[in-house]
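*Asks:* Okay, here's the structure, questions in a sec.
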Amino acid sequence: MVEKVDTLVIGGGQAGIAMSEHLSRVGIPHLVLERHRIAERWRTERWDNLVANGPAWHDRFPGQTFDDLPPDAFPSKDRIVRYFEDYAARIAAPLRCGVEVTALRPRDGGGFVADTSAGRFEAARVVCATGPFQKPLIPAMVPETAGLMQIHSAGYRNPAQLPDGAVMVVGAGSSGAQIADELARAGRRVFLSVGPHDRPPRAYRGKDFVWWLGALGKWDARARTPGTEHVTIAVSGARGGHTVDFRDLAALGITLVGRTEGHEAGRLRFAADLQANIRAGDANYLSVLDEADAYVAAQGLDFPAEPQARVFPPDPACVTDPVLSLDLAAEGITTIIWATGYGFDYGWMKLDALDAQGRPDHREGVSSRVPGLYFLGLPWLTRRSSAFIWGAWRDAADLADRMAGDSGAVRAAE
Ligand SMILES: Cc1cc2nc3c(=O)[nH]c(=O)nc-3n(C[C@H](O)[C@H](O)[C@H](O)COP(=O)(O)OP(=O)(O)OC[C@H]3O[C@@H](n4cnc5c(N)ncnc54)[C@H](O)[C@@H]3O)c2cc1C
């Protein structure tokens, strides 16, 4: 039995649901296949206490609010799952859960064949919505024989999951900074390896950072600033939302170290870049304040001044005199949490659609190599906002319009 559909959407996270809404709007028959459950990654690949990085008024699709939350609250990960379940039901998305696409191949004469855990599908077009963050990446640095628990931030749930002892958190983007904070507050001794990062203010002059990103046109940036490809961003909605300042984490008892560079004979080695990274993070923070101030002045806005936002606490000893290597056993470190990001995992895609680095080769979500193949939800798919909740929805709108325009051409080729 082969099931035929005009457009197959692979993945039932926010991107797959947004795509379904817009395909319905433009009248394209489609089916969404999700290997597990709606918004699965929010259910099983994120820690228990995670809340959205943006407030409820912002981190949502336009057509549905978090009606039980104040607009400035940060929804829990479970609330986000419920939001997408409700949304998919409300738009009656043709979504089938528990169906994994195991191979996507070209069909003779055009279109695609998808082999799945529930049989074969044929489609004229396919939208890949399998996520911006597909496969946890752990650098091959500390061997398993080191006798430590090593997990990725995607596998971290809560402090009780870890063996007794101190914890080394590598990576100080939003995940690493929040996990280190949670562990320190749970009474753990924590070391945090801080590489190059941006750390924008959570809020300034009465407006949340995500509001400023919009006002300053930064959500719409078309490409990363060259040279910032490895700069992560540290923001937090935890405990009602707060600015991440690594000096505050040090004041909690966390020992900050520089970028993790290597492991030899039971010792972790760090770059001598901690101060420089903290300074660059501060410069990024201050640049947001400067741009916001200039915007307020230019628009003649009556936003309250916030001079205290420019006052930093003094550098802690771990920053002025940074540790360059640590004997893991001597420090009692029993766990390393690698908050080191994600890669792509397109092993199921049997198409010439990826570049030499295994990344989709596309232009604004339209495959540059395979006619009828589309991508949605990837970082910087069209703009900075593309991998975020509302940004994926906006890209889905554009992609569906584009596909509706392409329909004639595809059908003519069938
Ligand atoms: C820790 C963390 C916190 C984040 N917090 C926020 C936030 O607060 N606000 C925000 O806007 N963004 C946030 N993001 C970014 C982004 O919104 C999320 O990554 C989001 O999950 C992306 O949604 P998606 O639908 O594009 O992909 P995913 O959620 O990854 O969904 C892809 C789906 O595809 C399915 N799938 C994969 N392969 C197959 C296959 N072969 N066959 C069938 N199904 C398949 C998966 O099971 C999954 O359900 C966060 C990301 C992370 C990692």
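We label chains A, B, ... in the order they appear in the structure tokens, count residues from 1 in each chain, and number ligands from 1 in the order shown.
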Can you work out which residues are within 7 Å of ligand 1, considering only C-alpha atoms and all ligand atoms, and then hand them over as a ChimeraX atom specification?

*Replies:* /A:10-16,33-42,46,51-54,59,99-102,129-134,175,348,376-378,387-390,392

*Asks:* For C-alpha atoms, I'd like the residues from the last selection saved as a PDB file, in the first residue's frame.

*Replies:*
```
ATOM      1  CA  ILE A  10       8.210  15.784   8.098  1.00  0.00           C
ATOM      2  CA  GLY A  11       8.214  16.775  11.779  1.00  0.00           C
ATOM      3  CA  GLY A  12       5.402  17.783  14.132  1.00  0.00           C
ATOM      4  CA  GLY A  13       7.074  20.490  16.182  1.00  0.00           C
ATOM      5  CA  GLN A  14       6.215  24.170  15.928  1.00  0.00           C
ATOM      6  CA  ALA A  15       7.537  24.389  12.370  1.00  0.00           C
ATOM      7  CA  GLY A  16       5.482  21.416  11.117  1.00  0.00           C
ATOM      8  CA  LEU A  33       4.324  12.964   9.917  1.00  0.00           C
ATOM      9  CA  GLU A  34       5.802  13.065  13.446  1.00  0.00           C
ATOM     10  CA  ARG A  35       7.874  10.145  14.679  1.00  0.00           C
ATOM     11  CA  HIS A  36       6.895  10.577  18.322  1.00  0.00           C
ATOM     12  CA  ARG A  37       4.411  13.155  19.653  1.00  0.00           C
ATOM     13  CA  ILE A  38       3.608  16.809  18.906  1.00  0.00           C
ATOM     14  CA  ALA A  39       6.455  19.067  20.136  1.00  0.00           C
ATOM     15  CA  GLU A  40       8.411  16.002  21.236  1.00  0.00           C
ATOM     16  CA  ARG A  41      11.654  17.850  21.815  1.00  0.00           C
ATOM     17  CA  TRP A  42       9.996  20.144  24.353  1.00  0.00           C
ATOM     18  CA  ARG A  46      14.846  19.583  27.625  1.00  0.00           C
ATOM     19  CA  VAL A  51      10.812  27.914  30.685  1.00  0.00           C
ATOM     20  CA  ALA A  52      10.647  29.818  27.422  1.00  0.00           C
ATOM     21  CA  ASN A  53      13.370  32.359  26.838  1.00  0.00           C
ATOM     22  CA  GLY A  54      10.785  34.859  25.664  1.00  0.00           C
ATOM     23  CA  ASP A  59       6.890  33.255  22.121  1.00  0.00           C
ATOM     24  CA  VAL A  99       5.320   7.705  12.117  1.00  0.00           C
ATOM     25  CA  GLU A 100       9.041   8.025  11.478  1.00  0.00           C
ATOM     26  CA  VAL A 101      10.404   8.781   8.035  1.00  0.00           C
ATOM     27  CA  THR A 102      13.301   6.360   7.662  1.00  0.00           C
ATOM     28  CA  ALA A 129      10.603  20.494   9.549  1.00  0.00           C
ATOM     29  CA  THR A 130      12.780  18.231  11.667  1.00  0.00           C
ATOM     30  CA  GLY A 131      14.228  20.970  13.801  1.00  0.00           C
ATOM     31  CA  PRO A 132      17.027  23.504  14.072  1.00  0.00           C
ATOM     32  CA  PHE A 133      18.679  21.481  16.838  1.00  0.00           C
ATOM     33  CA  GLN A 134      18.577  17.835  15.790  1.00  0.00           C
ATOM     34  CA  SER A 175      21.325  26.271  28.339  1.00  0.00           C
ATOM     35  CA  TRP A 348      17.257   9.444   6.431  1.00  0.00           C
ATOM     36  CA  LEU A 376      11.560  25.169   7.592  1.00  0.00           C
ATOM     37  CA  GLY A 377      12.685  26.070  11.107  1.00  0.00           C
ATOM     38  CA  LEU A 378      16.439  26.064  10.471  1.00  0.00           C
ATOM     39  CA  ALA A 387      14.380  29.038  14.472  1.00  0.00           C
ATOM     40  CA  PHE A 388      12.190  30.740  17.075  1.00  0.00           C
ATOM     41  CA  ILE A 389       8.517  30.098  17.636  1.00  0.00           C
ATOM     42  CA  TRP A 390       6.942  33.096  15.941  1.00  0.00           C
ATOM     43  CA  ALA A 392       9.049  29.797  12.113  1.00  0.00           C
TER      44      ALA A 392
END
```

*Asks:* List every residue of stretch 6-223 of chain A that DSSP, applied to the backbone of this structure, assigns to alpha helix (DSSP H), and report them as a VMD selection string.

*Replies:* chain A and resid 14 to 25 40 to 44 77 to 90 174 to 185 209 to 215

*Asks:* Just the residues within 10 Å of A:Ala309, please, counting only C-alpha atoms, with nothing from its chain fewer than 4 positions along; format it as a list in words.

*Replies:*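 With the cut-off at 10 Å, the set is Pro201, Ala203, Tyr204, Arg205, Tyr285, Leu286, Leu289 and Ala305 of chain A.
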
*Asks:* Take the residues from that selection and write them out as a CSV table (one decimal), in the first residue's frame, keeping C-alpha atoms.

*Replies:*
```
chain,number,residue,atom,x,y,z
A,201,PRO,CA,19.7,42.6,29.0
A,203,ALA,CA,14.8,44.0,29.9
A,204,TYR,CA,15.7,47.7,29.6
A,205,ARG,CA,13.7,50.8,30.2
A,285,TYR,CA,25.3,44.1,26.6
A,286,LEU,CA,26.2,47.8,26.6
A,289,LEU,CA,21.6,49.6,25.9
A,305,ALA,CA,15.8,56.0,32.2
```

*Asks:* Pick the closest to A:Gln64 from A:Leu249, A:Asp86, A:Ala238, A:Phe191: which is it, counting only C-alpha atoms?

*Replies:*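 The closest residue to A:Gln64 is A:Asp86.
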
*Asks:* Can you work out the spacing between atom CA of A:Arg383 and atom CA of A:Leu399 in Å, to one decimal?

*Replies:* 13.3 Å

*Asks:* Give me the residues near A:Ala154 as a count of residues only, where near means some atom within 6 Å (using only C-alpha atoms) and where sequence neighbours in that chain fewer than 2 positions away do not count.

*Replies:* 4

*Asks:* Please list as a list in words every residue within 6 Å of stretch 264-281 of chain A, counting only C-alpha atoms and excluding residues in the same chain fewer than 4 positions away.

*Replies:* Pro196, His197, Asp198, Arg199, Gly258, Arg259, Thr260, Val319, Leu324, Ser325, Leu326, Asp327 and Leu328 of chain A

*Asks:* Restrict the selected residues to C-alpha atoms and save them as a short mmCIF file (atom, residue, chain, number, x, y, z; two decimals), in the first residue's frame.

*Replies:*
```
data_model
loop_
_atom_site.label_atom_id
_atom_site.label_comp_id
_atom_site.auth_asym_id
_atom_site.auth_seq_id
_atom_site.Cartn_x
_atom_site.Cartn_y
_atom_site.Cartn_z
CA PRO A 196 32.51 33.86 23.53
CA HIS A 197 28.93 34.95 24.15
CA ASP A 198 26.37 37.70 23.85
CA ARG A 199 24.41 38.42 27.00
CA GLY A 258 37.59 29.98 30.09
CA ARG A 259 36.76 27.99 26.98
CA THR A 260 37.48 24.27 27.46
CA VAL A 319 37.81 36.12 36.64
CA LEU A 324 43.71 27.36 33.50
CA SER A 325 43.39 23.68 34.31
CA LEU A 326 41.51 21.51 36.77
CA ASP A 327 42.28 18.08 38.22
CA LEU A 328 38.80 16.59 37.90
#
```
